[in-house]
>>> print(open('final_4.txt').read())   # compact mmCIF, C-alpha atoms
# COMPACT_ATOMS: atom_id res chain seq x y z
CA MET A 1 102.70 157.27 170.39
CA LEU A 2 100.79 158.97 167.56
CA ASP A 3 97.05 158.38 167.45
CA VAL A 4 96.05 156.53 164.24
CA ARG A 5 92.63 158.17 164.09
CA ARG A 6 94.23 161.60 164.14
CA LEU A 7 96.68 160.56 161.46
CA ILE A 8 93.72 159.58 159.29
CA LEU A 9 92.16 163.01 159.83
CA LEU A 10 95.42 164.64 158.70
CA ARG A 11 95.42 162.46 155.59
CA GLU A 12 91.82 163.45 154.89
CA LEU A 13 92.85 167.09 155.18
CA SER A 14 95.60 166.54 152.61
CA ILE A 15 92.99 165.12 150.22
CA ARG A 16 90.06 167.48 150.84
CA GLY A 17 91.84 170.73 151.67
CA THR A 18 89.54 172.22 154.31
CA ILE A 19 88.44 171.40 157.84
CA ALA A 20 84.80 171.66 156.74
CA ALA A 21 85.28 169.09 153.95
CA VAL A 22 87.03 166.69 156.33
CA ALA A 23 84.26 167.11 158.90
CA GLU A 24 81.59 166.33 156.28
CA ALA A 25 83.45 163.26 155.00
CA MET A 26 84.15 161.87 158.48
CA LEU A 27 80.75 162.77 159.99
CA LEU A 28 82.31 165.04 162.63
CA SER A 29 81.91 168.68 163.56
CA PRO A 30 84.54 171.13 162.25
CA SER A 31 85.51 172.01 165.81
CA ALA A 32 86.09 168.33 166.63
CA VAL A 33 88.36 167.95 163.58
CA SER A 34 90.32 171.05 164.55
CA GLN A 35 90.76 169.85 168.11
CA GLN A 36 91.99 166.43 166.98
CA LEU A 37 94.51 167.95 164.55
CA SER A 38 95.76 170.33 167.26
CA GLN A 39 96.24 167.37 169.57
CA LEU A 40 98.16 165.54 166.82
CA GLU A 41 100.52 168.49 166.51
CA LYS A 42 101.20 168.30 170.24
CA GLU A 43 101.89 164.58 169.97
CA ALA A 44 104.20 165.11 166.99
CA GLY A 45 105.94 168.11 168.55
CA ALA A 46 105.84 169.92 165.21
CA GLU A 47 103.67 172.23 163.14
CA LEU A 48 101.79 170.06 160.64
CA THR A 49 99.71 172.61 158.71
CA ARG A 50 99.86 176.23 157.61
CA LYS A 51 97.10 178.49 156.30
CA ALA A 52 97.07 179.14 152.55
CA GLY A 53 94.06 181.34 151.87
CA ARG A 54 90.96 179.42 152.86
CA ARG A 55 92.76 176.09 152.78
CA LEU A 56 95.37 174.48 154.95
CA ARG A 57 98.67 173.39 153.44
CA LEU A 58 100.76 170.62 154.98
CA THR A 59 104.24 171.32 156.26
CA PRO A 60 107.05 168.86 155.37
CA GLN A 61 106.43 167.17 158.72
CA GLY A 62 102.73 166.94 157.88
CA GLU A 63 103.49 165.37 154.49
CA LEU A 64 105.68 162.81 156.23
CA LEU A 65 102.88 161.79 158.58
CA VAL A 66 100.33 161.65 155.75
CA ALA A 67 102.53 159.19 153.86
CA SER A 68 102.79 157.08 157.01
CA ALA A 69 99.01 157.25 157.49
CA GLY A 70 98.56 155.86 153.96
CA GLU A 71 100.87 152.97 154.77
CA VAL A 72 98.91 152.24 157.95
CA LEU A 73 95.61 152.23 156.05
CA ASP A 74 97.07 149.93 153.38
CA THR A 75 98.23 147.53 156.09
CA LEU A 76 94.79 147.52 157.69
CA GLU A 77 93.12 146.96 154.32
CA ARG A 78 95.38 143.99 153.58
CA ALA A 79 94.69 142.60 157.05
CA GLU A 80 90.94 142.89 156.51
CA ALA A 81 91.27 141.16 153.11
CA ALA A 82 93.22 138.32 154.72
CA LEU A 83 90.57 137.96 157.41
CA ARG A 84 87.79 137.85 154.80
CA THR A 85 89.71 135.19 152.89
CA SER A 86 89.69 132.94 155.97
CA HIS A 87 85.88 132.73 155.88
CA THR A 88 84.17 129.84 154.10
CA THR A 89 81.72 132.13 152.29
CA VAL A 90 82.26 135.39 150.40
CA ARG A 91 80.69 138.24 152.33
CA GLY A 92 81.03 141.97 152.92
CA THR A 93 80.18 145.26 151.22
CA VAL A 94 81.56 146.56 147.92
CA ARG A 95 81.18 150.29 147.21
CA VAL A 96 81.28 150.96 143.47
CA ALA A 97 81.53 154.24 141.54
CA VAL A 98 80.39 154.00 137.94
CA PHE A 99 79.68 156.26 134.95
CA GLN A 100 76.29 156.30 133.24
CA SER A 101 76.64 154.00 130.25
CA ALA A 102 78.43 151.34 132.32
CA ALA A 103 75.71 151.64 134.97
CA LEU A 104 73.12 150.90 132.30
CA ALA A 105 74.97 148.28 130.27
CA LEU A 106 77.12 146.34 132.75
CA MET A 107 75.86 146.78 136.29
CA PRO A 108 72.43 145.07 136.01
CA THR A 109 73.94 141.85 134.63
CA ALA A 110 76.87 141.93 137.07
CA LEU A 111 74.56 142.49 140.04
CA THR A 112 72.30 139.62 139.00
CA MET A 113 75.29 137.29 138.67
CA MET A 114 76.65 138.45 142.02
CA THR A 115 73.35 137.86 143.81
CA ARG A 116 73.12 134.33 142.43
CA GLN A 117 76.70 133.33 143.21
CA HIS A 118 77.49 135.39 146.32
CA PRO A 119 74.23 136.38 148.05
CA ASP A 120 76.03 137.50 151.23
CA VAL A 121 77.78 140.37 149.45
CA ARG A 122 76.14 143.79 149.51
CA VAL A 123 77.00 145.96 146.49
CA GLU A 124 76.42 149.72 146.72
CA MET A 125 76.60 151.84 143.56
CA VAL A 126 76.97 155.60 143.06
CA GLN A 127 77.14 157.31 139.67
CA ARG A 128 80.23 159.50 139.22
CA GLU A 129 82.24 160.97 136.37
CA PRO A 130 85.27 158.70 135.81
CA GLU A 131 88.08 161.11 136.74
CA GLN A 132 86.31 162.14 139.94
CA ALA A 133 85.56 158.51 140.77
CA LEU A 134 89.19 157.44 140.27
CA HIS A 135 90.34 160.07 142.75
CA GLU A 136 87.62 159.13 145.25
CA THR A 137 88.55 155.45 145.01
CA TRP A 138 92.18 156.35 145.68
CA ALA A 139 90.96 158.45 148.65
CA ARG A 140 89.02 155.41 149.98
CA ASP A 141 85.51 156.78 149.39
CA PHE A 142 84.88 153.76 147.12
CA ASP A 143 86.31 150.25 146.86
CA LEU A 144 86.05 149.96 143.08
CA VAL A 145 85.55 152.26 140.12
CA ILE A 146 84.39 151.49 136.61
CA ALA A 147 85.97 154.14 134.41
CA GLU A 148 86.53 154.97 130.75
CA GLN A 149 89.44 156.15 128.64
CA TYR A 150 89.08 157.82 125.25
CA PRO A 151 91.72 157.62 122.52
CA ALA A 152 94.64 160.05 122.97
CA HIS A 153 93.34 161.07 126.40
CA SER A 154 95.10 159.53 129.39
CA THR A 155 93.25 159.00 132.65
CA PRO A 156 94.88 160.38 135.83
CA TRP A 157 97.62 158.19 137.27
CA LEU A 158 97.18 157.68 141.00
CA PRO A 159 99.68 155.68 143.05
CA GLY A 160 98.41 152.46 144.59
CA LEU A 161 95.53 151.87 142.14
CA HIS A 162 95.34 148.59 140.24
CA ARG A 163 93.74 148.85 136.78
CA ARG A 164 92.19 146.01 134.79
CA GLU A 165 90.66 146.37 131.33
CA LEU A 166 87.06 145.19 130.96
CA THR A 167 86.25 145.82 127.32
CA THR A 168 86.46 148.30 124.47
CA ASP A 169 83.67 149.70 122.36
CA ALA A 170 83.63 151.50 119.04
CA ILE A 171 82.66 155.17 118.83
CA HIS A 172 80.35 156.21 115.98
CA LEU A 173 78.97 159.41 114.55
CA ALA A 174 75.29 159.37 115.57
CA LEU A 175 73.00 161.09 113.09
CA PRO A 176 69.21 161.47 112.99
CA ALA A 177 67.25 159.12 110.78
CA THR A 178 66.91 160.46 107.24
CA ASP A 179 63.25 161.38 107.71
CA ALA A 180 64.02 163.25 110.97
CA ALA A 181 67.19 165.05 109.86
CA LEU A 182 67.03 168.80 109.34
CA TRP A 183 70.02 168.55 106.98
CA PRO A 184 70.90 165.17 105.45
CA VAL A 185 74.57 164.29 106.01
CA GLY A 186 76.52 161.06 106.06
CA THR A 187 80.07 161.84 107.16
CA LEU A 188 81.88 163.64 109.95
CA ALA A 189 83.07 166.43 107.65
CA GLU A 190 79.51 167.03 106.39
CA ALA A 191 78.29 167.30 110.01
CA GLY A 192 80.38 170.42 110.52
CA ARG A 193 77.45 172.73 109.74
CA LEU A 194 75.02 171.00 112.12
CA PRO A 195 74.27 171.65 115.81
CA TRP A 196 76.10 169.26 118.14
CA VAL A 197 75.38 167.77 121.54
CA MET A 198 78.33 166.91 123.79
CA GLU A 199 79.21 166.29 127.40
CA PRO A 200 80.39 169.26 129.53
CA ARG A 201 83.80 170.83 129.08
CA GLY A 202 86.58 169.13 130.99
CA THR A 203 85.34 165.59 130.36
CA ALA A 204 87.42 163.12 128.36
CA SER A 205 84.60 162.54 125.88
CA ARG A 206 84.28 166.28 125.18
CA HIS A 207 88.01 166.65 124.61
CA PHE A 208 88.01 163.65 122.25
CA ALA A 209 84.96 164.90 120.31
CA GLU A 210 86.31 168.42 119.84
CA GLN A 211 89.72 167.18 118.72
CA LEU A 212 88.13 164.77 116.24
CA CYS A 213 86.00 167.54 114.73
CA ARG A 214 88.99 169.86 114.46
CA SER A 215 91.00 167.16 112.72
CA ALA A 216 88.14 166.96 110.21
CA GLY A 217 88.47 170.69 109.50
CA PHE A 218 85.76 172.37 111.56
CA GLU A 219 84.94 173.73 115.02
CA PRO A 220 81.78 172.00 116.28
CA ASP A 221 78.74 174.18 117.01
CA VAL A 222 77.98 172.75 120.49
CA ARG A 223 74.50 174.07 121.22
CA TYR A 224 73.50 171.37 123.69
CA GLU A 225 75.61 170.25 126.64
CA THR A 226 74.63 167.43 128.99
CA ALA A 227 76.33 164.55 130.77
CA ASP A 228 73.15 162.48 130.32
CA LEU A 229 73.76 160.30 127.26
CA GLN A 230 70.11 159.29 127.12
CA ALA A 231 69.19 162.98 126.74
CA GLN A 232 71.83 163.27 124.02
CA ILE A 233 70.30 160.32 122.18
CA ARG A 234 66.83 161.87 122.26
CA LEU A 235 68.15 165.13 120.81
CA ILE A 236 69.79 163.19 117.98
CA GLU A 237 66.83 160.89 117.32
CA SER A 238 64.48 163.89 117.14
CA GLY A 239 66.63 165.52 114.47
CA ASN A 240 67.90 168.42 116.57
CA ALA A 241 71.57 167.50 116.92
CA VAL A 242 74.38 165.16 115.99
CA GLY A 243 76.93 163.64 118.34
CA LEU A 244 79.44 160.90 119.01
CA MET A 245 78.20 157.75 120.72
CA PRO A 246 80.11 154.72 122.06
CA ASP A 247 78.47 151.37 121.35
CA LEU A 248 77.91 150.57 125.03
CA VAL A 249 75.02 153.05 125.19
CA TRP A 250 72.94 150.85 122.86
CA THR A 251 72.99 147.79 125.11
CA GLY A 252 69.44 146.53 125.57
CA ARG A 253 67.84 149.08 123.25
CA SER A 254 67.42 149.91 119.60
CA THR A 255 67.65 153.36 118.06
CA THR A 256 66.50 155.27 115.01
CA CYS A 257 69.91 157.00 114.84
CA ARG A 258 72.10 156.37 111.85
CA LEU A 259 75.48 155.20 113.13
CA GLU A 260 78.37 156.05 110.81
CA ARG A 261 82.01 154.97 111.12
CA LEU A 262 84.58 157.57 112.14
CA PRO A 263 88.05 158.05 110.64
CA GLY A 264 90.45 155.58 112.19
CA ASP A 265 87.64 153.54 113.80
CA PRO A 266 88.33 154.89 117.34
CA ARG A 267 87.48 152.78 120.38
CA ARG A 268 86.91 153.66 124.01
CA THR A 269 88.42 151.53 126.79
CA ILE A 270 86.33 150.51 129.80
CA PHE A 271 88.29 149.43 132.87
CA THR A 272 88.02 148.83 136.59
CA ALA A 273 90.41 150.13 139.23
CA GLN A 274 90.81 149.45 142.92
CA ARG A 275 93.46 149.99 145.56
CA GLU A 276 96.27 147.44 145.39
CA ALA A 277 95.99 146.89 149.14
CA GLY A 278 92.55 145.32 148.65
CA LEU A 279 93.33 143.03 145.74
CA GLU A 280 92.89 139.89 147.82
CA ALA A 281 89.54 140.93 149.29
CA PRO A 282 87.18 138.09 148.25
CA ALA A 283 84.07 140.24 147.70
CA LEU A 284 85.94 142.73 145.56
CA ARG A 285 87.66 140.00 143.57
CA ALA A 286 84.32 138.26 143.01
CA PHE A 287 82.56 141.40 141.82
CA ARG A 288 85.36 142.20 139.40
CA GLU A 289 84.87 138.71 137.95
CA MET A 290 81.12 139.37 137.60
CA LEU A 291 81.84 142.63 135.78
CA ALA A 292 84.21 140.82 133.44
CA GLY A 293 81.48 138.27 132.74
CA ALA A 294 78.93 141.02 132.08
CA ALA A 295 81.35 142.76 129.70
CA GLU A 296 81.93 139.51 127.83
CA LEU A 297 78.18 138.97 127.42
CA GLN A 298 77.71 142.57 126.28
CA ALA A 299 80.51 142.27 123.71
CA ARG A 300 78.58 139.54 121.94
CA GLY A 301 75.80 142.00 121.15
CA GLY A 302 75.97 145.48 119.65
CA PRO A 303 73.96 148.49 118.51
CA THR A 304 70.97 148.16 116.23
CA GLY A 305 70.88 151.47 114.41
CA GLY A 306 68.08 152.79 112.26
>>> encode(input="final_4.txt", output="structure tokens")
Amino acid sequence: MLDVRRLILLRELSIRGTIAAVAEAMLLSPSAVSQQLSQLEKEAGAELTRKAGRRLRLTPQGELLVASAGEVLDTLERAEAALRTSHTTVRGTVRVAVFQSAALALMPTALTMMTRQHPDVRVEMVQREPEQALHETWARDFDLVIAEQYPAHSTPWLPGLHRRELTTDAIHLALPATDAALWPVGTLAEAGRLPWVMEPRGTASRHFAEQLCRSAGFEPDVRYETADLQAQIRLIESGNAVGLMPDLVWTGRSTTCRLERLPGDPRRTIFTAQREAGLEAPALRAFREMLAGAAELQARGGPTGG
């Protein structure tokens, strides 16, 4: 009979690509991972991997076993959820991946609500970019991800993930206050001659911002690039840049920025996603409810621009 632990190592290899990455993720030595995969090949009676440069590529037989390993893990996750449901209290650990503005605007309220209603649940949070976090949740590094989707930019579709919308927030052109602005402007088209701050290339927000500027007839002069939205805000407030800001970033704070409407009044979607196999897990279900409550409370407020 095939060893389940070795099947899981093969699945990890399909996700991470190298023996070293699997060893780091599974807290094993590379030699131990190699030995276990060699033993799995003997058990299977077939070659499961082939070298492709510095990475290992699965053979058709390897792909078949990886699919089976995913089914085994799903079954175990459903069994664990059923076991948790049989308890009289909600308990366990929830590992959450979250992007910056959601970490600032939603997580504090959700954590407070969770502690009051389900004190036996431990919530662990790590900040990640949404697309990376979606993949890592699918790969079982996290139980839940809070992610974002910008207009006309689809998030990656990953099989077995269950998505639920939390809220939407408007996106505005953020300009320095009139007394701080190097060049007074009031519209997106007029901002074409100003220095811009944006998130790094490859992010959904960067793609959305560049496309919006191009539709307005100019290529943005992106002089400042940072994934830290708080740093972006300071550059705008100090009069050194302009940018696009979703309303969620203003939760719990005021700003001297002038917030102007954009053509079409675009909105960003905030959503959670988890593996379908864990949908009945009480701790996960409870924390999703707390996040929904936090989003509802946040939606009642809004930015207070200068």
>>> closest_atom_pairs(input="final_4.txt", of="range 108-224 of chain A", to="range 243-267 of chain A", cutoff="9 Å", atoms="only C-alpha atoms", output="JSON lines")
{"residue": "A:Tyr150", "atom": "CA", "partner": "A:Arg267", "partner_atom": "CA", "distance": 7.2}
{"residue": "A:Pro151", "atom": "CA", "partner": "A:Pro266", "partner_atom": "CA", "distance": 6.8}
{"residue": "A:Thr168", "atom": "CA", "partner": "A:Arg267", "partner_atom": "CA", "distance": 6.2}
{"residue": "A:Asp169", "atom": "CA", "partner": "A:Arg267", "partner_atom": "CA", "distance": 5.3}
{"residue": "A:Ala170", "atom": "CA", "partner": "A:Arg267", "partner_atom": "CA", "distance": 4.3}
{"residue": "A:Ile171", "atom": "CA", "partner": "A:Pro246", "partner_atom": "CA", "distance": 4.1}
{"residue": "A:His172", "atom": "CA", "partner": "A:Arg261", "partner_atom": "CA", "distance": 5.3}
{"residue": "A:Leu173", "atom": "CA", "partner": "A:Leu244", "partner_atom": "CA", "distance": 4.7}
{"residue": "A:Ala174", "atom": "CA", "partner": "A:Leu259", "partner_atom": "CA", "distance": 4.8}
{"residue": "A:Leu175", "atom": "CA", "partner": "A:Arg258", "partner_atom": "CA", "distance": 5.0}
{"residue": "A:Pro176", "atom": "CA", "partner": "A:Cys257", "partner_atom": "CA", "distance": 4.9}
{"residue": "A:Ala177", "atom": "CA", "partner": "A:Cys257", "partner_atom": "CA", "distance": 5.3}
{"residue": "A:Thr178", "atom": "CA", "partner": "A:Arg258", "partner_atom": "CA", "distance": 8.1}
{"residue": "A:Gly186", "atom": "CA", "partner": "A:Glu260", "partner_atom": "CA", "distance": 7.1}
{"residue": "A:Thr187", "atom": "CA", "partner": "A:Glu260", "partner_atom": "CA", "distance": 7.1}
{"residue": "A:Leu188", "atom": "CA", "partner": "A:Leu262", "partner_atom": "CA", "distance": 7.0}
{"residue": "A:Pro195", "atom": "CA", "partner": "A:Gly243", "partner_atom": "CA", "distance": 8.8}
{"residue": "A:Trp196", "atom": "CA", "partner": "A:Gly243", "partner_atom": "CA", "distance": 5.7}
{"residue": "A:Val197", "atom": "CA", "partner": "A:Gly243", "partner_atom": "CA", "distance": 5.4}
{"residue": "A:Met198", "atom": "CA", "partner": "A:Gly243", "partner_atom": "CA", "distance": 6.5}
{"residue": "A:Ser205", "atom": "CA", "partner": "A:Leu244", "partner_atom": "CA", "distance": 8.7}
{"residue": "A:Ala209", "atom": "CA", "partner": "A:Leu244", "partner_atom": "CA", "distance": 6.9}
{"residue": "A:Leu212", "atom": "CA", "partner": "A:Pro263", "partner_atom": "CA", "distance": 8.7}
{"residue": "A:Ala216", "atom": "CA", "partner": "A:Pro263", "partner_atom": "CA", "distance": 8.9}
>>> atom_distance(input="final_4.txt", atom1="CA of Thr18 in chain A", atom2="CA of Arg78 in chain A")
28.8 Å
>>> residues_near_point(input="final_4.txt", point="(90.0, 140.3, 141.5)", cutoff="10 Å", atoms="only C-alpha atoms", output="VMD selection string")
chain A and resid 162 164 274 278 to 290 292
>>> atom_distance(input="final_4.txt", atom1="CA of Val4 in chain A", atom2="CA of Val72 in chain A")
8.1 Å
>>> closest_residue(input="final_4.txt", among="A:Leu297, A:Leu2, A:Leu291, A:Val121", to="Ala44 in chain A", atoms="all atoms listed in the file")
A:Leu2
>>> atom_distance(input="final_4.txt", atom1="CA of Thr59 in chain A", atom2="CA of Leu13 in chain A")
12.2 Å
>>> closest_residue(input="final_4.txt", among="A:Ala152, A:Ala102, A:Ala241, A:Leu40", to="His207 in chain A", atoms="only C-alpha atoms")
A:Ala152
>>> residues_around(input="final_4.txt", residues="Glu190 in chain A", least_positions_apart="5", cutoff="10 Å", atoms="all atoms listed in the file", output="VMD selection string")
chain A and resid 183 to 185 216 218
>>> write_last_selection(input="final_4.txt", atoms="C-alpha atoms", output="PDB file, keeping the file's coordinate frame")
ATOM      1  CA  TRP A 183      70.020 168.550 106.980  1.00  0.00           C
ATOM      2  CA  PRO A 184      70.900 165.170 105.450  1.00  0.00           C
ATOM      3  CA  VAL A 185      74.570 164.290 106.010  1.00  0.00           C
ATOM      4  CA  ALA A 216      88.140 166.960 110.210  1.00  0.00           C
ATOM      5  CA  PHE A 218      85.760 172.370 111.560  1.00  0.00           C
TER       6      PHE A 218
END
>>> residues_around(input="final_4.txt", residues="Phe142 in chain A", least_positions_apart="3", cutoff="8 Å", atoms="all atoms listed in the file", output="list in words")
Val94, Arg95, Val96, Ala97, Ala133, Glu136, Thr137, Trp138, Ala139 and Val145 of chain A
